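Enquirer: Here you go, query_34.txt (compact mmCIF, N, CA and C atoms):
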```txt
# COMPACT_ATOMS: atom_id res chain seq x y z
N MET A 1 -128.29 109.68 5.36
CA MET A 1 -129.45 110.32 4.82
C MET A 1 -129.10 110.88 3.43
N ASP A 2 -129.88 110.54 2.42
CA ASP A 2 -129.69 110.99 1.07
C ASP A 2 -130.51 112.26 0.86
N VAL A 3 -129.82 113.38 0.63
CA VAL A 3 -130.50 114.66 0.47
C VAL A 3 -130.67 114.94 -1.01
N LYS A 4 -131.91 115.18 -1.44
CA LYS A 4 -132.18 115.57 -2.82
C LYS A 4 -132.05 117.08 -2.92
N ARG A 5 -131.32 117.55 -3.89
CA ARG A 5 -131.09 118.97 -4.07
C ARG A 5 -131.64 119.42 -5.41
N LYS A 6 -132.16 120.64 -5.42
CA LYS A 6 -132.68 121.22 -6.65
C LYS A 6 -131.54 121.39 -7.66
N HIS A 7 -130.37 121.83 -7.17
CA HIS A 7 -129.20 122.02 -8.02
C HIS A 7 -128.04 121.20 -7.43
N PRO A 8 -127.41 120.34 -8.22
CA PRO A 8 -126.33 119.50 -7.68
C PRO A 8 -125.11 120.34 -7.28
N ARG A 9 -124.43 119.86 -6.25
CA ARG A 9 -123.18 120.49 -5.82
C ARG A 9 -122.06 120.05 -6.75
N ILE A 10 -121.20 120.99 -7.09
CA ILE A 10 -120.06 120.71 -7.96
C ILE A 10 -118.79 120.93 -7.15
N PRO A 11 -117.97 119.89 -6.99
CA PRO A 11 -116.74 120.06 -6.22
C PRO A 11 -115.80 121.06 -6.91
N CYS A 12 -115.15 121.88 -6.11
CA CYS A 12 -114.17 122.83 -6.64
C CYS A 12 -113.21 123.20 -5.52
N ASP A 13 -112.22 123.97 -5.85
CA ASP A 13 -111.24 124.44 -4.87
C ASP A 13 -110.81 125.84 -5.30
N LEU A 14 -111.61 126.84 -4.90
CA LEU A 14 -111.37 128.21 -5.33
C LEU A 14 -111.11 129.12 -4.13
N PRO A 15 -110.04 129.88 -4.16
CA PRO A 15 -109.83 130.85 -3.08
C PRO A 15 -110.88 131.94 -3.15
N CYS A 16 -111.24 132.46 -2.01
CA CYS A 16 -112.22 133.54 -1.97
C CYS A 16 -111.96 134.41 -0.75
N ARG A 17 -112.71 135.48 -0.67
CA ARG A 17 -112.61 136.41 0.45
C ARG A 17 -114.01 136.68 0.97
N ILE A 18 -114.22 136.42 2.26
CA ILE A 18 -115.47 136.74 2.92
C ILE A 18 -115.40 138.20 3.35
N VAL A 19 -116.45 138.97 3.04
CA VAL A 19 -116.47 140.39 3.37
C VAL A 19 -117.66 140.66 4.27
N THR A 20 -117.37 141.07 5.52
CA THR A 20 -118.41 141.37 6.50
C THR A 20 -118.26 142.81 6.97
N SER A 21 -119.18 143.25 7.80
CA SER A 21 -119.08 144.60 8.35
C SER A 21 -117.87 144.73 9.27
N LYS A 22 -117.31 143.60 9.71
CA LYS A 22 -116.15 143.61 10.61
C LYS A 22 -114.82 143.50 9.87
N GLY A 23 -114.86 143.23 8.55
CA GLY A 23 -113.62 143.13 7.79
C GLY A 23 -113.68 142.03 6.75
N GLY A 24 -112.51 141.75 6.14
CA GLY A 24 -112.39 140.71 5.13
C GLY A 24 -111.57 139.54 5.65
N TYR A 25 -111.91 138.33 5.21
CA TYR A 25 -111.27 137.12 5.71
C TYR A 25 -111.04 136.14 4.57
N ASP A 26 -109.87 135.51 4.55
CA ASP A 26 -109.58 134.51 3.54
C ASP A 26 -110.42 133.27 3.76
N ALA A 27 -110.82 132.63 2.67
CA ALA A 27 -111.64 131.42 2.74
C ALA A 27 -111.42 130.62 1.46
N LYS A 28 -112.14 129.51 1.35
CA LYS A 28 -112.04 128.65 0.19
C LYS A 28 -113.42 128.12 -0.16
N VAL A 29 -113.77 128.12 -1.45
CA VAL A 29 -115.00 127.49 -1.94
C VAL A 29 -114.70 126.02 -2.18
N VAL A 30 -115.44 125.14 -1.50
CA VAL A 30 -115.23 123.69 -1.60
C VAL A 30 -116.18 123.06 -2.61
N ASN A 31 -117.42 123.56 -2.65
CA ASN A 31 -118.34 123.15 -3.69
C ASN A 31 -119.30 124.30 -3.98
N ILE A 32 -119.95 124.18 -5.14
CA ILE A 32 -120.75 125.30 -5.64
C ILE A 32 -121.96 124.75 -6.39
N SER A 33 -123.07 125.48 -6.34
CA SER A 33 -124.25 125.16 -7.14
C SER A 33 -124.92 126.48 -7.52
N LEU A 34 -125.96 126.42 -8.33
CA LEU A 34 -126.61 127.66 -8.77
C LEU A 34 -127.22 128.46 -7.63
N GLU A 35 -127.53 127.82 -6.51
CA GLU A 35 -128.15 128.55 -5.40
C GLU A 35 -127.33 128.57 -4.13
N GLY A 36 -126.19 127.89 -4.12
CA GLY A 36 -125.44 127.84 -2.88
C GLY A 36 -123.97 127.54 -3.06
N VAL A 37 -123.22 127.78 -1.98
CA VAL A 37 -121.78 127.55 -1.96
C VAL A 37 -121.44 126.96 -0.59
N TYR A 38 -120.45 126.07 -0.56
CA TYR A 38 -119.92 125.60 0.72
C TYR A 38 -118.52 126.18 0.86
N LEU A 39 -118.32 126.94 1.95
CA LEU A 39 -117.06 127.64 2.21
C LEU A 39 -116.35 127.04 3.41
N GLU A 40 -115.03 127.17 3.42
CA GLU A 40 -114.24 126.85 4.60
C GLU A 40 -113.43 128.09 4.98
N SER A 41 -113.43 128.42 6.28
CA SER A 41 -112.70 129.58 6.77
C SER A 41 -112.41 129.42 8.25
N GLU A 42 -111.53 130.25 8.76
CA GLU A 42 -111.19 130.20 10.18
C GLU A 42 -112.04 131.12 11.03
N ILE A 43 -112.89 131.95 10.43
CA ILE A 43 -113.68 132.90 11.22
C ILE A 43 -114.96 132.24 11.74
N LEU A 44 -115.54 132.83 12.76
CA LEU A 44 -116.78 132.34 13.34
C LEU A 44 -117.92 133.28 12.98
N MET A 45 -119.04 132.71 12.51
CA MET A 45 -120.23 133.50 12.19
C MET A 45 -121.47 132.70 12.59
N ASP A 46 -122.57 133.40 12.79
CA ASP A 46 -123.82 132.77 13.18
C ASP A 46 -124.71 132.51 11.97
N GLU A 47 -125.55 131.47 12.08
CA GLU A 47 -126.54 131.21 11.05
C GLU A 47 -127.42 132.45 10.90
N GLY A 48 -127.83 132.74 9.67
CA GLY A 48 -128.63 133.92 9.39
C GLY A 48 -127.81 135.14 9.03
N THR A 49 -126.49 135.08 9.20
CA THR A 49 -125.62 136.20 8.87
C THR A 49 -125.59 136.41 7.36
N HIS A 50 -125.72 137.66 6.93
CA HIS A 50 -125.61 138.04 5.52
C HIS A 50 -124.24 138.66 5.31
N PHE A 51 -123.58 138.29 4.22
CA PHE A 51 -122.26 138.84 3.94
C PHE A 51 -121.94 138.68 2.46
N GLY A 52 -120.85 139.29 2.03
CA GLY A 52 -120.40 139.19 0.66
C GLY A 52 -119.27 138.18 0.54
N VAL A 53 -119.13 137.63 -0.65
CA VAL A 53 -118.03 136.72 -0.96
C VAL A 53 -117.46 137.13 -2.31
N LEU A 54 -116.14 137.27 -2.37
CA LEU A 54 -115.44 137.54 -3.62
C LEU A 54 -114.67 136.28 -3.99
N ILE A 55 -115.08 135.63 -5.08
CA ILE A 55 -114.49 134.36 -5.49
C ILE A 55 -113.45 134.61 -6.57
N ASP A 56 -112.23 134.12 -6.34
CA ASP A 56 -111.15 134.23 -7.32
C ASP A 56 -111.29 133.08 -8.31
N ALA A 57 -111.78 133.42 -9.50
CA ALA A 57 -112.01 132.40 -10.52
C ALA A 57 -110.78 132.15 -11.38
N GLY A 58 -109.65 132.76 -11.02
CA GLY A 58 -108.42 132.51 -11.74
C GLY A 58 -108.27 133.33 -13.01
N GLY A 59 -108.21 134.60 -12.88
CA GLY A 59 -108.04 135.49 -14.03
C GLY A 59 -109.14 136.52 -14.06
N GLY A 60 -108.73 137.77 -14.17
CA GLY A 60 -109.73 138.83 -14.23
C GLY A 60 -110.24 139.20 -12.85
N GLU A 61 -111.37 139.87 -12.85
CA GLU A 61 -111.98 140.34 -11.61
C GLU A 61 -112.61 139.18 -10.84
N PRO A 62 -112.59 139.24 -9.50
CA PRO A 62 -113.28 138.20 -8.73
C PRO A 62 -114.79 138.29 -8.95
N VAL A 63 -115.45 137.16 -8.77
CA VAL A 63 -116.91 137.09 -8.90
C VAL A 63 -117.50 137.40 -7.52
N GLY A 64 -118.27 138.46 -7.43
CA GLY A 64 -118.87 138.87 -6.16
C GLY A 64 -120.29 138.36 -6.02
N ILE A 65 -120.61 137.84 -4.84
CA ILE A 65 -121.96 137.37 -4.54
C ILE A 65 -122.36 137.83 -3.15
N GLU A 66 -123.65 137.94 -2.93
CA GLU A 66 -124.21 138.20 -1.61
C GLU A 66 -124.83 136.90 -1.13
N VAL A 67 -124.58 136.54 0.13
CA VAL A 67 -125.04 135.25 0.63
C VAL A 67 -125.64 135.37 2.03
N GLU A 68 -126.36 134.31 2.41
CA GLU A 68 -126.86 134.16 3.78
C GLU A 68 -126.36 132.83 4.31
N LEU A 69 -125.80 132.84 5.51
CA LEU A 69 -125.31 131.62 6.14
C LEU A 69 -126.50 130.79 6.63
N VAL A 70 -126.65 129.58 6.09
CA VAL A 70 -127.78 128.73 6.48
C VAL A 70 -127.36 127.54 7.33
N HIS A 71 -126.08 127.18 7.29
CA HIS A 71 -125.60 126.03 8.07
C HIS A 71 -124.11 126.18 8.31
N TRP A 72 -123.65 125.79 9.48
CA TRP A 72 -122.22 125.78 9.75
C TRP A 72 -121.85 124.50 10.46
N SER A 73 -120.58 124.14 10.34
CA SER A 73 -120.05 122.98 11.07
C SER A 73 -118.60 123.27 11.42
N HIS A 74 -118.19 122.75 12.56
CA HIS A 74 -116.82 122.93 13.01
C HIS A 74 -116.01 121.74 12.52
N MET A 75 -115.03 122.02 11.70
CA MET A 75 -114.17 120.97 11.16
C MET A 75 -113.02 120.76 12.13
N ARG A 76 -112.71 119.53 12.43
CA ARG A 76 -111.66 119.23 13.42
C ARG A 76 -110.55 118.40 12.80
N PRO A 77 -109.54 119.06 12.24
CA PRO A 77 -108.40 118.31 11.71
C PRO A 77 -107.50 117.81 12.83
N ASP A 78 -106.36 117.30 12.47
CA ASP A 78 -105.45 116.70 13.45
C ASP A 78 -104.91 117.67 14.49
N THR A 79 -104.73 118.92 14.12
CA THR A 79 -104.19 119.88 15.06
C THR A 79 -105.16 121.04 15.26
N VAL A 80 -105.18 121.60 16.45
CA VAL A 80 -106.05 122.73 16.76
C VAL A 80 -105.69 123.93 15.89
N ALA A 81 -104.42 124.09 15.58
CA ALA A 81 -103.98 125.23 14.78
C ALA A 81 -104.60 125.22 13.39
N GLU A 82 -105.02 124.04 12.92
CA GLU A 82 -105.61 123.93 11.59
C GLU A 82 -107.13 123.91 11.63
N ALA A 83 -107.74 124.11 12.80
CA ALA A 83 -109.20 124.06 12.92
C ALA A 83 -109.84 125.15 12.06
N PHE A 84 -110.96 124.83 11.45
CA PHE A 84 -111.66 125.80 10.64
C PHE A 84 -113.15 125.50 10.66
N MET A 85 -113.91 126.42 10.10
CA MET A 85 -115.36 126.29 10.05
C MET A 85 -115.78 125.99 8.62
N GLY A 86 -116.86 125.21 8.49
CA GLY A 86 -117.47 124.97 7.20
C GLY A 86 -118.81 125.67 7.17
N TYR A 87 -119.09 126.40 6.08
CA TYR A 87 -120.31 127.19 5.97
C TYR A 87 -121.08 126.84 4.71
N GLY A 88 -122.34 126.46 4.87
CA GLY A 88 -123.25 126.34 3.75
C GLY A 88 -124.00 127.64 3.62
N VAL A 89 -123.89 128.29 2.46
CA VAL A 89 -124.52 129.58 2.26
C VAL A 89 -125.44 129.57 1.05
N ARG A 90 -126.49 130.37 1.13
CA ARG A 90 -127.44 130.54 0.03
C ARG A 90 -127.10 131.82 -0.72
N VAL A 91 -126.97 131.72 -2.04
CA VAL A 91 -126.67 132.87 -2.89
C VAL A 91 -127.97 133.59 -3.23
N SER A 92 -127.97 134.91 -3.06
CA SER A 92 -129.20 135.65 -3.31
C SER A 92 -128.89 137.03 -3.85
N PRO A 93 -129.26 137.30 -5.05
CA PRO A 93 -129.64 136.38 -6.13
C PRO A 93 -128.40 135.95 -6.90
N PRO A 94 -128.45 134.82 -7.60
CA PRO A 94 -127.30 134.44 -8.42
C PRO A 94 -127.17 135.37 -9.62
N THR A 95 -126.03 136.01 -9.76
CA THR A 95 -125.79 136.95 -10.86
C THR A 95 -125.37 136.18 -12.12
N PRO A 96 -125.42 136.83 -13.27
CA PRO A 96 -124.93 136.17 -14.50
C PRO A 96 -123.47 135.73 -14.38
N GLU A 97 -122.64 136.53 -13.72
CA GLU A 97 -121.23 136.18 -13.53
C GLU A 97 -121.09 134.92 -12.66
N PHE A 98 -121.94 134.83 -11.62
CA PHE A 98 -121.90 133.66 -10.76
C PHE A 98 -122.37 132.42 -11.53
N ARG A 99 -123.44 132.56 -12.32
CA ARG A 99 -123.92 131.44 -13.13
C ARG A 99 -122.84 130.96 -14.09
N ALA A 100 -122.10 131.89 -14.70
CA ALA A 100 -121.00 131.52 -15.60
C ALA A 100 -119.92 130.78 -14.85
N LEU A 101 -119.63 131.19 -13.60
CA LEU A 101 -118.63 130.50 -12.79
C LEU A 101 -119.09 129.08 -12.47
N VAL A 102 -120.35 128.90 -12.12
CA VAL A 102 -120.89 127.56 -11.84
C VAL A 102 -120.76 126.68 -13.09
N ASP A 103 -121.10 127.23 -14.25
CA ASP A 103 -120.96 126.47 -15.50
C ASP A 103 -119.51 126.07 -15.75
N ALA A 104 -118.58 126.99 -15.51
CA ALA A 104 -117.15 126.69 -15.71
C ALA A 104 -116.69 125.61 -14.74
N CYS A 105 -117.15 125.65 -13.50
CA CYS A 105 -116.80 124.62 -12.52
C CYS A 105 -117.36 123.26 -12.95
N ALA A 106 -118.58 123.25 -13.48
CA ALA A 106 -119.20 122.01 -13.95
C ALA A 106 -118.39 121.44 -15.12
N ASP A 107 -117.94 122.29 -16.03
CA ASP A 107 -117.13 121.83 -17.16
C ASP A 107 -115.81 121.22 -16.67
N MET A 108 -115.15 121.89 -15.70
CA MET A 108 -113.88 121.37 -15.16
C MET A 108 -114.10 120.04 -14.45
N ALA A 109 -115.21 119.92 -13.71
CA ALA A 109 -115.50 118.67 -13.00
C ALA A 109 -115.76 117.54 -14.01
N ALA A 110 -116.43 117.84 -15.11
CA ALA A 110 -116.71 116.82 -16.14
C ALA A 110 -115.42 116.36 -16.79
N GLU A 111 -114.46 117.28 -16.99
CA GLU A 111 -113.17 116.90 -17.57
C GLU A 111 -112.37 116.00 -16.65
N ARG A 112 -112.51 116.19 -15.32
CA ARG A 112 -111.80 115.35 -14.35
C ARG A 112 -112.36 113.94 -14.30
N ASP A 113 -113.66 113.80 -14.57
CA ASP A 113 -114.31 112.49 -14.45
C ASP A 113 -114.06 111.59 -15.62
```
Show the structure stored in the file as structure tokens.
Expert:
Amino acid sequence: MDVKRKHPRIPCDLPCRIVTSKGGYDAKVVNISLEGVYLESEILMDEGTHFGVLIDAGGGEPVGIEVELVHWSHMRPDTVAEAFMGYGVRVSPPTPEFRALVDACADMAAERD
């Protein structure tokens, strides 16, 4: 199925921290767009969950965003010890810092191509 998106996903590999009312958890940003992010982490959360994400953009302060979990999938690598969850989240609202990060990721992706 070919999904048309308002904003294209940009592949990236950025460390981040998920921040919930229960604590903070390490994660990774796999792709990013102006309205959403795809994260990978070992924690379990339900669709509809609202939480914060601090993205390490590699220098300076992390970029903080507020998100809502809209889709999750269980990733199954070769070993159970490496199992993790994939989360599609909606950014609300995208801040100027987040928009600048998306632009920087787009520039890096263009240089790779």
Enquirer: So that I can check the surroundings of Asp56 (chain A), please list as a list in words every protein, DNA and RNA residue that reaches within 8 Å of it, counting all atoms listed in the file and ignoring chain neighbours fewer than 2 positions away.
Expert: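 What passes the distance filter is Asp13, Leu14, Pro15, Cys16, Arg17, Val29, Val53, Leu54, Gly58, Gly59, Gly60, Glu61, Pro62, Val63 and Gly64 of chain A.
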Enquirer: Record the distance separating CA of Val102 (chain A) and CA of His71 (chain A), expressed in Å with one decimal.
Expert: 20.5 Å
Enquirer: Can you pull out every residue from chain A that DSSP, working from the backbone, puts in strand (DSSP E), and format the result as a VMD selection string?
Expert: chain A and resid 10 to 20 23 to 32 36 to 41 50 to 55 63 to 75 84 to 91
Enquirer: I need the residue nearest Asp26 (chain A) from this list: A:Cys105, A:Ile43, A:Val67, A:Ile10. Use all atoms listed in the file for the distance.
Expert: A:Ile43
Enquirer: Counting all atoms listed in the file, what is within 6 Å of Arg9 (chain A), bar same-chain residues fewer than 5 positions away, as a PDB file with N, CA and C atoms, in the frame of the given file?
Expert:
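This went into part.pdb:
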```pdb
ATOM      1  N   ASN A  31    -117.420 123.560  -2.650  1.00  0.00           N
ATOM      2  CA  ASN A  31    -118.340 123.150  -3.690  1.00  0.00           C
ATOM      3  C   ASN A  31    -119.300 124.300  -3.980  1.00  0.00           C
ATOM      4  N   ILE A  32    -119.950 124.180  -5.140  1.00  0.00           N
ATOM      5  CA  ILE A  32    -120.750 125.300  -5.640  1.00  0.00           C
ATOM      6  C   ILE A  32    -121.960 124.750  -6.390  1.00  0.00           C
ATOM      7  N   SER A  33    -123.070 125.480  -6.340  1.00  0.00           N
ATOM      8  CA  SER A  33    -124.250 125.160  -7.140  1.00  0.00           C
ATOM      9  C   SER A  33    -124.920 126.480  -7.520  1.00  0.00           C
TER      10      SER A  33
END
```
Enquirer: Figure out the distance between CA of Tyr38 (chain A) and CA of Val89 (chain A), please, to one decimal in Å.
Expert: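 The value is 6.3 Å.
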Enquirer: Considering all atoms listed in the file, state which residue in the set A:Trp72, A:Gly24, A:Met85, A:Glu111 is at the smallest distance from Ser41 (chain A).
Expert: A:Met85
Enquirer: Would you work out the distance separating atom N of Thr20 (chain A) from atom C of Ala100 (chain A), expressed in Å to one decimal?
Expert: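 We find that atom N of Thr20 (chain A) and atom C of Ala100 (chain A) lie 23.0 Å from each other.
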Enquirer: Name the residues of chain A that fall into helix (DSSP H, G or I) according to DSSP on the backbone, using the chain letters and numbers of this document, as a list of chain:residue names.
Expert: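 After running DSSP on the backbone, chain A has helix (DSSP H, G or I) at A:Val80, A:Ala81, A:Glu82, A:Pro96, A:Glu97, A:Phe98, A:Arg99, A:Ala100, A:Leu101, A:Val102, A:Asp103, A:Ala104, A:Cys105, A:Ala106, A:Asp107, A:Met108, A:Ala109, A:Ala110, A:Glu111, A:Arg112.
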Enquirer: May I have the residues within 6.5 Å of Phe51 (chain A) as a PyMOL selection string, using all atoms listed in the file and disregarding those fewer than 5 positions away in the same chain?
Expert: chain A and resi 19-20+65-69
Enquirer: Using N, CA and C atoms, can you write the selected residues to a file as a CSV table (one decimal), in the coordinates of the input?
Expert:
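Result went into part_32.csv, see below:
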```
chain,number,residue,atom,x,y,z
A,19,VAL,N,-116.4,139.0,3.0
A,19,VAL,CA,-116.5,140.4,3.4
A,19,VAL,C,-117.7,140.7,4.3
A,20,THR,N,-117.4,141.1,5.5
A,20,THR,CA,-118.4,141.4,6.5
A,20,THR,C,-118.3,142.8,7.0
A,65,ILE,N,-120.6,137.8,-4.8
A,65,ILE,CA,-122.0,137.4,-4.5
A,65,ILE,C,-122.4,137.8,-3.2
A,66,GLU,N,-123.6,137.9,-2.9
A,66,GLU,CA,-124.2,138.2,-1.6
A,66,GLU,C,-124.8,136.9,-1.1
A,67,VAL,N,-124.6,136.5,0.1
A,67,VAL,CA,-125.0,135.2,0.6
A,67,VAL,C,-125.6,135.4,2.0
A,68,GLU,N,-126.4,134.3,2.4
A,68,GLU,CA,-126.9,134.2,3.8
A,68,GLU,C,-126.4,132.8,4.3
A,69,LEU,N,-125.8,132.8,5.5
A,69,LEU,CA,-125.3,131.6,6.1
A,69,LEU,C,-126.5,130.8,6.6
```
Enquirer: Hey, which of A:Met108, A:Val91, A:Leu101, A:Ile18 ends up closest to Glu35 (chain A)? Count only C-alpha atoms.
Expert: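 For Glu35 (chain A), the nearest of the given residues is A:Val91.
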Enquirer: Around the point (-122.7, 127.0, 10.5) (coordinates from the file), which residues reach within 8 Å if we count only N, CA and C atoms? Answer as a VMD selection string.
Expert: chain A and resid 45 to 48 69 to 74 85 to 88
